[in-house]
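Have a look at the structure below before the remarks.
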Amino acid sequence: MSDAKYNEEHLWAKLDDLDMVVVGISEHAQEQLGDIVYVELPQLGREVTIGEEIAIIESVKTTSEISSPVSGEIREVNEALGDSPEIINESPLDDGWLMRIEPSDLSELDELMDEDAYREFVESET
């Protein structure tokens, strides 16, 4: 997923064909979390700002708060995660997406890391 951008909280964000920002957690994040057992997603239509807590992911190891990588309006959430949160473990970069946000400022994506920079960031953390 080379067109995805990443933040320091291990989220990825990718612009789709409808200019919506699709958001999920990185492969690294799902590996660190372990088996995901519950996901709490935001309400549709909610206005969010960059850095605002918008979701919660619970795993067998911990509970993680998810902050928005961009500002905008929540337009869609991945309903499948309600019944099958383990989809995130199986496919964090595709089927395990969390939400789609209609961005209020596309330039916020420019502040995120590309895949190479993210890989270096992860390596520097260990």
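Each chain in the structure tokens gets a letter, A, B, ..., in the order shown, and its residues are numbered from 1; ligands are numbered from 1 in order too.
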Just the residues within 9 Å of range 110-118 of chain A, please, counting only C-alpha atoms, with nothing from its chain fewer than 2 positions along; format it as number ranges by chain. A: 1-8, 10, 12-13, 69, 106-108, 120-123
In chain A, what's strand (DSSP E) per DSSP? Answer as a CSV table (one decimal) with all heavy atoms, in the first residue's frame?
chain,number,residue,atom,x,y,z
A,5,LYS,N,-0.3,7.0,3.8
A,5,LYS,CA,0.6,7.8,4.6
A,5,LYS,C,0.4,7.3,6.1
A,5,LYS,O,-0.7,6.8,6.4
A,5,LYS,CB,0.1,9.3,4.5
A,5,LYS,CG,0.2,9.8,3.1
A,5,LYS,CD,1.7,10.2,2.8
A,5,LYS,CE,1.7,11.1,1.6
A,5,LYS,NZ,2.7,12.1,1.8
A,6,TYR,N,1.4,7.5,6.9
A,6,TYR,CA,1.3,7.0,8.3
A,6,TYR,C,1.6,8.1,9.3
A,6,TYR,O,2.3,9.1,9.0
A,6,TYR,CB,2.4,5.9,8.5
A,6,TYR,CG,2.1,4.7,7.6
A,6,TYR,CD1,2.6,4.7,6.3
A,6,TYR,CD2,1.5,3.6,8.1
A,6,TYR,CE1,2.3,3.6,5.5
A,6,TYR,CE2,1.2,2.5,7.3
A,6,TYR,CZ,1.7,2.5,6.0
A,6,TYR,OH,1.5,1.4,5.2
A,11,LEU,N,-1.2,4.8,12.6
A,11,LEU,CA,-2.4,4.8,11.7
A,11,LEU,C,-1.9,5.0,10.3
A,11,LEU,O,-1.0,5.7,10.0
A,11,LEU,CB,-3.4,5.9,12.1
A,11,LEU,CG,-4.0,5.7,13.5
A,11,LEU,CD1,-4.9,6.9,13.7
A,11,LEU,CD2,-4.8,4.5,13.6
A,12,TRP,N,-2.7,4.4,9.4
A,12,TRP,CA,-2.5,4.8,8.0
A,12,TRP,C,-3.7,5.5,7.5
A,12,TRP,O,-4.8,5.4,8.0
A,12,TRP,CB,-2.2,3.5,7.1
A,12,TRP,CG,-3.3,2.5,7.1
A,12,TRP,CD1,-3.3,1.3,7.8
A,12,TRP,CD2,-4.5,2.4,6.3
A,12,TRP,NE1,-4.4,0.6,7.6
A,12,TRP,CE2,-5.1,1.2,6.6
A,12,TRP,CE3,-5.0,3.3,5.3
A,12,TRP,CZ2,-6.3,0.8,6.0
A,12,TRP,CZ3,-6.2,2.9,4.8
A,12,TRP,CH2,-6.9,1.7,5.1
A,13,ALA,N,-3.5,6.4,6.5
A,13,ALA,CA,-4.5,7.2,5.9
A,13,ALA,C,-4.2,7.2,4.4
A,13,ALA,O,-3.1,7.4,4.0
A,13,ALA,CB,-4.5,8.6,6.5
A,14,LYS,N,-5.3,7.0,3.6
A,14,LYS,CA,-5.2,6.9,2.2
A,14,LYS,C,-6.3,7.6,1.5
A,14,LYS,O,-7.5,7.3,1.9
A,14,LYS,CB,-5.1,5.4,1.8
A,14,LYS,CG,-4.9,5.2,0.3
A,14,LYS,CD,-4.7,3.7,0.0
A,14,LYS,CE,-5.9,3.2,-0.6
A,14,LYS,NZ,-5.7,1.8,-1.2
A,15,LEU,N,-6.1,8.4,0.5
A,15,LEU,CA,-7.2,9.1,-0.2
A,15,LEU,C,-7.8,8.1,-1.2
A,15,LEU,O,-7.0,7.4,-2.0
A,15,LEU,CB,-6.6,10.3,-1.0
A,15,LEU,CG,-7.5,11.4,-1.3
A,15,LEU,CD1,-8.2,12.0,-0.1
A,15,LEU,CD2,-6.8,12.5,-2.1
A,21,VAL,N,-10.7,10.1,3.0
A,21,VAL,CA,-9.5,9.6,3.6
A,21,VAL,C,-9.9,8.3,4.4
A,21,VAL,O,-10.7,8.4,5.3
A,21,VAL,CB,-8.9,10.6,4.6
A,21,VAL,CG1,-7.7,10.0,5.3
A,21,VAL,CG2,-8.5,11.8,3.8
A,22,VAL,N,-9.4,7.2,3.9
A,22,VAL,CA,-9.7,5.9,4.5
A,22,VAL,C,-8.6,5.7,5.6
A,22,VAL,O,-7.4,6.0,5.4
A,22,VAL,CB,-9.6,4.7,3.5
A,22,VAL,CG1,-10.0,3.4,4.2
A,22,VAL,CG2,-10.5,5.0,2.3
A,23,VAL,N,-9.0,5.3,6.8
A,23,VAL,CA,-8.1,5.2,8.0
A,23,VAL,C,-8.1,3.8,8.5
A,23,VAL,O,-9.2,3.2,8.6
A,23,VAL,CB,-8.6,6.2,9.1
A,23,VAL,CG1,-7.7,6.1,10.3
A,23,VAL,CG2,-8.6,7.6,8.5
A,24,GLY,N,-6.9,3.3,8.9
A,24,GLY,CA,-6.8,2.0,9.6
A,24,GLY,C,-5.5,2.0,10.4
A,24,GLY,O,-4.8,3.0,10.5
A,25,ILE,N,-5.3,0.9,11.0
A,25,ILE,CA,-4.0,0.8,11.8
A,25,ILE,C,-3.0,0.0,11.0
A,25,ILE,O,-3.4,-0.8,10.1
A,25,ILE,CB,-4.2,0.1,13.2
A,25,ILE,CG1,-4.6,-1.4,13.1
A,25,ILE,CG2,-5.3,0.9,14.0
A,25,ILE,CD1,-4.6,-2.1,14.4
A,36,ILE,N,-7.2,-8.8,18.3
A,36,ILE,CA,-8.2,-7.7,18.5
A,36,ILE,C,-9.6,-8.3,18.8
A,36,ILE,O,-10.0,-9.2,18.1
A,36,ILE,CB,-8.2,-6.7,17.4
A,36,ILE,CG1,-6.8,-6.0,17.3
A,36,ILE,CG2,-9.4,-5.7,17.5
A,36,ILE,CD1,-6.6,-5.2,16.1
A,37,VAL,N,-10.2,-7.9,19.9
A,37,VAL,CA,-11.5,-8.5,20.4
A,37,VAL,C,-12.7,-7.5,20.3
A,37,VAL,O,-13.8,-7.9,20.4
A,37,VAL,CB,-11.3,-9.1,21.8
A,37,VAL,CG1,-10.3,-10.2,21.8
A,37,VAL,CG2,-10.9,-8.0,22.8
A,38,TYR,N,-12.4,-6.2,20.2
A,38,TYR,CA,-13.5,-5.2,20.2
A,38,TYR,C,-13.0,-3.9,19.5
A,38,TYR,O,-11.9,-3.5,19.7
A,38,TYR,CB,-14.0,-5.0,21.6
A,38,TYR,CG,-15.0,-3.9,21.7
A,38,TYR,CD1,-16.3,-4.1,21.3
A,38,TYR,CD2,-14.7,-2.6,22.2
A,38,TYR,CE1,-17.3,-3.1,21.4
A,38,TYR,CE2,-15.6,-1.6,22.3
A,38,TYR,CZ,-16.9,-1.9,21.9
A,38,TYR,OH,-17.9,-0.9,22.0
A,39,VAL,N,-13.9,-3.3,18.8
A,39,VAL,CA,-13.6,-2.0,18.2
A,39,VAL,C,-14.8,-1.1,18.4
A,39,VAL,O,-16.0,-1.5,18.1
A,39,VAL,CB,-13.4,-2.2,16.6
A,39,VAL,CG1,-13.1,-0.8,16.0
A,39,VAL,CG2,-12.2,-3.1,16.4
A,40,GLU,N,-14.6,0.1,18.9
A,40,GLU,CA,-15.6,1.1,19.1
A,40,GLU,C,-15.3,2.2,18.1
A,40,GLU,O,-14.3,2.8,18.1
A,40,GLU,CB,-15.6,1.7,20.5
A,40,GLU,CG,-16.7,2.7,20.7
A,40,GLU,CD,-16.6,3.2,22.1
A,40,GLU,OE1,-16.6,2.4,23.1
A,40,GLU,OE2,-16.6,4.5,22.3
A,47,GLU,N,-18.0,15.6,13.4
A,47,GLU,CA,-16.9,16.4,12.9
A,47,GLU,C,-15.7,16.2,13.9
A,47,GLU,O,-15.9,16.2,15.1
A,47,GLU,CB,-17.3,17.9,13.0
A,47,GLU,CG,-18.3,18.3,12.0
A,47,GLU,CD,-17.8,18.4,10.6
A,47,GLU,OE1,-16.6,18.6,10.4
A,47,GLU,OE2,-18.6,18.3,9.6
A,48,VAL,N,-14.6,15.9,13.3
A,48,VAL,CA,-13.4,15.6,14.1
A,48,VAL,C,-12.2,16.5,13.7
A,48,VAL,O,-12.2,17.0,12.5
A,48,VAL,CB,-12.9,14.1,13.9
A,48,VAL,CG1,-14.0,13.2,14.5
A,48,VAL,CG2,-12.6,13.7,12.5
A,53,GLU,N,-9.5,12.0,19.7
A,53,GLU,CA,-9.8,10.6,19.9
A,53,GLU,C,-11.1,10.3,19.2
A,53,GLU,O,-12.1,11.0,19.4
A,53,GLU,CB,-9.9,10.2,21.4
A,53,GLU,CG,-10.2,8.8,21.6
A,53,GLU,CD,-10.6,8.4,23.0
A,53,GLU,OE1,-9.9,9.0,23.9
A,53,GLU,OE2,-11.5,7.6,23.2
A,54,ILE,N,-11.1,9.3,18.3
A,54,ILE,CA,-12.2,9.0,17.5
A,54,ILE,C,-12.7,7.5,17.6
A,54,ILE,O,-13.8,7.2,17.2
A,54,ILE,CB,-12.1,9.4,16.0
A,54,ILE,CG1,-10.8,8.7,15.5
A,54,ILE,CG2,-12.0,10.9,15.9
A,54,ILE,CD1,-10.6,8.9,14.0
A,55,ALA,N,-11.8,6.6,18.1
A,55,ALA,CA,-12.2,5.2,18.2
A,55,ALA,C,-11.3,4.5,19.3
A,55,ALA,O,-10.4,5.1,19.8
A,55,ALA,CB,-11.9,4.5,16.8
A,56,ILE,N,-11.8,3.3,19.6
A,56,ILE,CA,-11.1,2.5,20.6
A,56,ILE,C,-10.9,1.1,20.1
A,56,ILE,O,-11.9,0.6,19.5
A,56,ILE,CB,-11.8,2.5,22.0
A,56,ILE,CG1,-11.9,3.9,22.6
A,56,ILE,CG2,-11.2,1.5,22.9
A,56,ILE,CD1,-12.8,4.0,23.8
A,57,ILE,N,-9.7,0.6,20.2
A,57,ILE,CA,-9.5,-0.8,19.8
A,57,ILE,C,-9.0,-1.6,21.0
A,57,ILE,O,-8.1,-1.2,21.7
A,57,ILE,CB,-8.4,-0.9,18.7
A,57,ILE,CG1,-8.9,-0.3,17.4
A,57,ILE,CG2,-8.1,-2.4,18.4
A,57,ILE,CD1,-8.0,-0.3,16.3
A,58,GLU,N,-9.7,-2.7,21.4
A,58,GLU,CA,-9.4,-3.5,22.5
A,58,GLU,C,-8.8,-4.8,22.0
A,58,GLU,O,-9.3,-5.4,21.0
A,58,GLU,CB,-10.6,-3.8,23.4
A,58,GLU,CG,-11.1,-2.6,24.2
A,58,GLU,CD,-12.2,-3.0,25.1
A,58,GLU,OE1,-12.5,-4.2,25.4
A,58,GLU,OE2,-12.9,-2.0,25.5
A,59,SER,N,-7.7,-5.2,22.5
A,59,SER,CA,-7.1,-6.5,22.2
A,59,SER,C,-6.9,-7.3,23.5
A,59,SER,O,-7.2,-6.8,24.6
A,59,SER,CB,-5.7,-6.3,21.5
A,59,SER,OG,-4.8,-5.8,22.5
A,63,THR,N,-6.0,-1.8,25.7
A,63,THR,CA,-6.9,-1.0,25.0
A,63,THR,C,-6.2,0.2,24.4
A,63,THR,O,-5.4,0.9,25.1
A,63,THR,CB,-8.0,-0.5,26.0
A,63,THR,OG1,-8.7,-1.7,26.5
A,63,THR,CG2,-9.0,0.4,25.3
A,64,SER,N,-6.5,0.5,23.2
A,64,SER,CA,-5.8,1.7,22.5
A,64,SER,C,-6.8,2.7,22.0
A,64,SER,O,-7.8,2.3,21.4
A,64,SER,CB,-5.0,1.2,21.3
A,64,SER,OG,-4.0,0.3,21.7
A,65,GLU,N,-6.5,3.9,22.3
A,65,GLU,CA,-7.4,5.0,21.8
A,65,GLU,C,-6.8,5.4,20.4
A,65,GLU,O,-5.6,5.5,20.3
A,65,GLU,CB,-7.3,6.2,22.7
A,65,GLU,CG,-7.9,5.9,24.1
A,65,GLU,CD,-7.7,7.0,25.1
A,65,GLU,OE1,-7.0,8.0,24.8
A,65,GLU,OE2,-8.4,6.9,26.2
A,66,ILE,N,-7.7,5.6,19.5
A,66,ILE,CA,-7.3,6.0,18.1
A,66,ILE,C,-7.6,7.4,17.9
A,66,ILE,O,-8.8,7.8,18.1
A,66,ILE,CB,-8.1,5.1,17.1
A,66,ILE,CG1,-7.8,3.6,17.3
A,66,ILE,CG2,-7.7,5.5,15.7
A,66,ILE,CD1,-6.4,3.1,17.2
A,67,SER,N,-6.7,8.2,17.5
A,67,SER,CA,-6.9,9.6,17.2
A,67,SER,C,-6.9,9.9,15.7
A,67,SER,O,-6.2,9.2,14.9
A,67,SER,CB,-5.7,10.4,17.8
A,67,SER,OG,-5.7,10.2,19.2
A,72,GLY,N,-12.0,16.5,9.7
A,72,GLY,CA,-13.1,16.4,8.7
A,72,GLY,C,-14.3,15.7,9.3
A,72,GLY,O,-14.5,15.8,10.6
A,73,GLU,N,-15.2,15.2,8.5
A,73,GLU,CA,-16.4,14.5,8.9
A,73,GLU,C,-16.4,13.0,8.7
A,73,GLU,O,-16.0,12.6,7.6
A,73,GLU,CB,-17.6,15.1,8.2
A,73,GLU,CG,-19.0,14.6,8.6
A,73,GLU,CD,-20.1,15.2,7.8
A,73,GLU,OE1,-20.0,16.2,7.2
A,73,GLU,OE2,-21.2,14.5,7.8
A,74,ILE,N,-16.8,12.3,9.7
A,74,ILE,CA,-16.9,10.8,9.6
A,74,ILE,C,-18.0,10.5,8.6
A,74,ILE,O,-19.2,10.8,8.9
A,74,ILE,CB,-17.1,10.1,11.0
A,74,ILE,CG1,-16.1,10.5,12.0
A,74,ILE,CG2,-17.2,8.6,10.8
A,74,ILE,CD1,-14.7,10.1,11.7
A,75,ARG,N,-17.7,9.9,7.5
A,75,ARG,CA,-18.7,9.6,6.5
A,75,ARG,C,-19.1,8.1,6.4
A,75,ARG,O,-20.2,7.8,6.0
A,75,ARG,CB,-18.2,10.1,5.1
A,75,ARG,CG,-18.0,11.6,5.0
A,75,ARG,CD,-19.2,12.3,5.4
A,75,ARG,NE,-20.3,12.1,4.5
A,75,ARG,CZ,-20.9,12.9,3.7
A,75,ARG,NH1,-20.5,14.2,3.7
A,75,ARG,NH2,-21.8,12.6,2.8
A,76,GLU,N,-18.2,7.2,6.9
A,76,GLU,CA,-18.5,5.8,6.8
A,76,GLU,C,-17.6,5.1,7.9
A,76,GLU,O,-16.5,5.5,8.1
A,76,GLU,CB,-18.2,5.3,5.4
A,76,GLU,CG,-18.5,3.8,5.2
A,76,GLU,CD,-18.2,3.4,3.8
A,76,GLU,OE1,-17.8,4.2,2.9
A,76,GLU,OE2,-18.4,2.2,3.6
A,77,VAL,N,-18.2,4.1,8.5
A,77,VAL,CA,-17.4,3.2,9.4
A,77,VAL,C,-17.5,1.8,8.9
A,77,VAL,O,-18.4,1.4,8.2
A,77,VAL,CB,-17.8,3.3,10.9
A,77,VAL,CG1,-17.6,4.7,11.4
A,77,VAL,CG2,-19.3,2.9,11.0
A,99,MET,N,-12.5,3.6,9.2
A,99,MET,CA,-13.5,4.6,8.8
A,99,MET,C,-13.0,5.4,7.6
A,99,MET,O,-11.9,5.3,7.2
A,99,MET,CB,-13.7,5.6,10.0
A,99,MET,CG,-12.5,6.4,10.3
A,99,MET,SD,-12.4,7.1,11.9
A,99,MET,CE,-12.0,5.6,12.9
A,100,ARG,N,-14.0,6.1,7.0
A,100,ARG,CA,-13.7,7.1,5.9
A,100,ARG,C,-14.1,8.5,6.5
A,100,ARG,O,-15.2,8.6,7.0
A,100,ARG,CB,-14.5,6.7,4.7
A,100,ARG,CG,-14.0,5.6,3.9
A,100,ARG,CD,-14.7,5.4,2.6
A,100,ARG,NE,-14.0,4.5,1.7
A,100,ARG,CZ,-14.0,3.2,1.8
A,100,ARG,NH1,-14.7,2.6,2.7
A,100,ARG,NH2,-13.3,2.5,0.9
A,101,ILE,N,-13.2,9.4,6.2
A,101,ILE,CA,-13.4,10.8,6.7
A,101,ILE,C,-13.4,11.7,5.5
A,101,ILE,O,-12.5,11.6,4.6
A,101,ILE,CB,-12.3,11.2,7.7
A,101,ILE,CG1,-12.2,10.3,8.9
A,101,ILE,CG2,-12.4,12.7,8.1
A,101,ILE,CD1,-11.1,10.5,9.8
A,102,GLU,N,-14.4,12.5,5.4
A,102,GLU,CA,-14.4,13.6,4.4
A,102,GLU,C,-13.5,14.7,4.9
A,102,GLU,O,-13.9,15.4,5.9
A,102,GLU,CB,-15.8,14.1,4.1
A,102,GLU,CG,-15.8,15.1,3.0
A,102,GLU,CD,-17.2,15.5,2.6
A,102,GLU,OE1,-18.2,15.0,3.1
A,102,GLU,OE2,-17.3,16.5,1.8
A,103,PRO,N,-12.3,14.9,4.3
A,103,PRO,CA,-11.3,15.8,4.9
A,103,PRO,C,-11.7,17.3,4.7
A,103,PRO,O,-12.2,17.6,3.7
A,103,PRO,CB,-10.0,15.5,4.2
A,103,PRO,CG,-10.5,14.9,2.9
A,103,PRO,CD,-11.8,14.2,3.1
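Shortest separation to Leu98 in chain A among A:Asn78, A:Gln32, A:Ser71, A:Ser124 occurs at residue A:Asn78, atoms counted being only C-alpha atoms.
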Enumerate as number ranges by chain all residues of chain A assigned to helix (DSSP H, G or I) by DSSP on the backbone, naming them with the chain letters and numbers the document uses. A: 27-33, 80-83, 87-90, 106-111, 115-125
Please save N, CA and C atoms of the selected residues as a tab-separated table (two decimals), in the first residue's frame.
chain	number	residue	atom	x	y	z
A	27	GLU	N	0.19	-2.50	9.92
A	27	GLU	CA	0.57	-3.89	10.17
A	27	GLU	C	1.34	-3.99	11.49
A	28	HIS	N	2.26	-3.06	11.70
A	28	HIS	CA	3.05	-3.03	12.94
A	28	HIS	C	2.14	-2.90	14.16
A	29	ALA	N	1.16	-2.00	14.08
A	29	ALA	CA	0.27	-1.78	15.23
A	29	ALA	C	-0.53	-3.03	15.55
A	30	GLN	N	-1.07	-3.70	14.53
A	30	GLN	CA	-1.88	-4.88	14.83
A	30	GLN	C	-1.01	-6.00	15.39
A	31	GLU	N	0.26	-6.07	14.96
A	31	GLU	CA	1.17	-7.08	15.53
A	31	GLU	C	1.43	-6.78	17.00
A	32	GLN	N	1.61	-5.51	17.34
A	32	GLN	CA	1.87	-5.12	18.72
A	32	GLN	C	0.65	-5.35	19.61
A	33	LEU	N	-0.53	-5.11	19.07
A	33	LEU	CA	-1.76	-5.27	19.85
A	33	LEU	C	-2.10	-6.72	20.13
A	80	ALA	N	-18.46	-4.15	9.49
A	80	ALA	CA	-18.07	-5.56	9.64
A	80	ALA	C	-17.25	-5.79	10.90
A	81	LEU	N	-16.56	-4.75	11.38
A	81	LEU	CA	-15.70	-4.89	12.55
A	81	LEU	C	-16.50	-5.10	13.83
A	82	GLY	N	-17.78	-4.70	13.83
A	82	GLY	CA	-18.63	-4.90	15.00
A	82	GLY	C	-18.77	-6.37	15.35
A	83	ASP	N	-18.99	-7.19	14.35
A	83	ASP	CA	-19.15	-8.63	14.56
A	83	ASP	C	-17.83	-9.38	14.46
A	87	ILE	N	-10.88	-9.05	11.85
A	87	ILE	CA	-10.56	-8.68	10.46
A	87	ILE	C	-9.34	-7.77	10.44
A	88	ILE	N	-9.21	-6.93	11.47
A	88	ILE	CA	-8.05	-6.03	11.53
A	88	ILE	C	-6.75	-6.83	11.59
A	89	ASN	N	-6.74	-7.91	12.38
A	89	ASN	CA	-5.54	-8.75	12.46
A	89	ASN	C	-5.25	-9.43	11.13
A	90	GLU	N	-6.31	-9.85	10.45
A	90	GLU	CA	-6.15	-10.61	9.22
A	90	GLU	C	-5.77	-9.71	8.03
A	106	LEU	N	-7.13	18.83	2.83
A	106	LEU	CA	-6.32	17.76	2.25
A	106	LEU	C	-4.83	17.93	2.52
A	107	SER	N	-4.37	19.14	2.77
A	107	SER	CA	-2.94	19.36	3.00
A	107	SER	C	-2.47	18.68	4.29
A	108	GLU	N	-3.40	18.32	5.19
A	108	GLU	CA	-3.00	17.61	6.41
A	108	GLU	C	-2.36	16.26	6.07
A	109	LEU	N	-2.74	15.67	4.95
A	109	LEU	CA	-2.13	14.40	4.53
A	109	LEU	C	-0.64	14.56	4.24
A	110	ASP	N	-0.26	15.75	3.80
A	110	ASP	CA	1.15	16.01	3.48
A	110	ASP	C	2.04	15.96	4.72
A	111	GLU	N	1.44	16.12	5.89
A	111	GLU	CA	2.21	16.10	7.13
A	111	GLU	C	2.49	14.69	7.63
A	115	GLU	N	5.61	5.54	3.25
A	115	GLU	CA	5.92	4.20	3.74
A	115	GLU	C	7.37	4.05	4.19
A	116	ASP	N	8.30	4.61	3.43
A	116	ASP	CA	9.72	4.51	3.79
A	116	ASP	C	10.02	5.23	5.10
A	117	ALA	N	9.49	6.44	5.25
A	117	ALA	CA	9.72	7.20	6.48
A	117	ALA	C	9.08	6.49	7.67
A	118	TYR	N	7.92	5.90	7.46
A	118	TYR	CA	7.25	5.17	8.53
A	118	TYR	C	8.08	3.95	8.95
A	119	ARG	N	8.61	3.23	7.97
A	119	ARG	CA	9.43	2.06	8.27
A	119	ARG	C	10.63	2.47	9.13
A	120	GLU	N	11.27	3.58	8.76
A	120	GLU	CA	12.41	4.09	9.55
A	120	GLU	C	11.96	4.48	10.95
A	121	PHE	N	10.78	5.08	11.05
A	121	PHE	CA	10.24	5.48	12.36
A	121	PHE	C	10.05	4.25	13.24
A	122	VAL	N	9.44	3.19	12.70
A	122	VAL	CA	9.21	1.96	13.47
A	122	VAL	C	10.54	1.36	13.92
A	123	GLU	N	11.51	1.33	13.02
A	123	GLU	CA	12.82	0.79	13.37
A	123	GLU	C	13.49	1.60	14.47
A	124	SER	N	13.30	2.91	14.45
A	124	SER	CA	13.92	3.76	15.47
A	124	SER	C	13.27	3.58	16.84
A	125	GLU	N	12.03	3.10	16.86
A	125	GLU	CA	11.33	2.89	18.13
A	125	GLU	C	11.81	1.64	18.86
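Residue nearest Pro42 in chain A within the list A:Leu93, A:Thr62, A:Thr126, A:Glu79: A:Glu79 [criterion: smallest interatomic distance, only C-alpha atoms].
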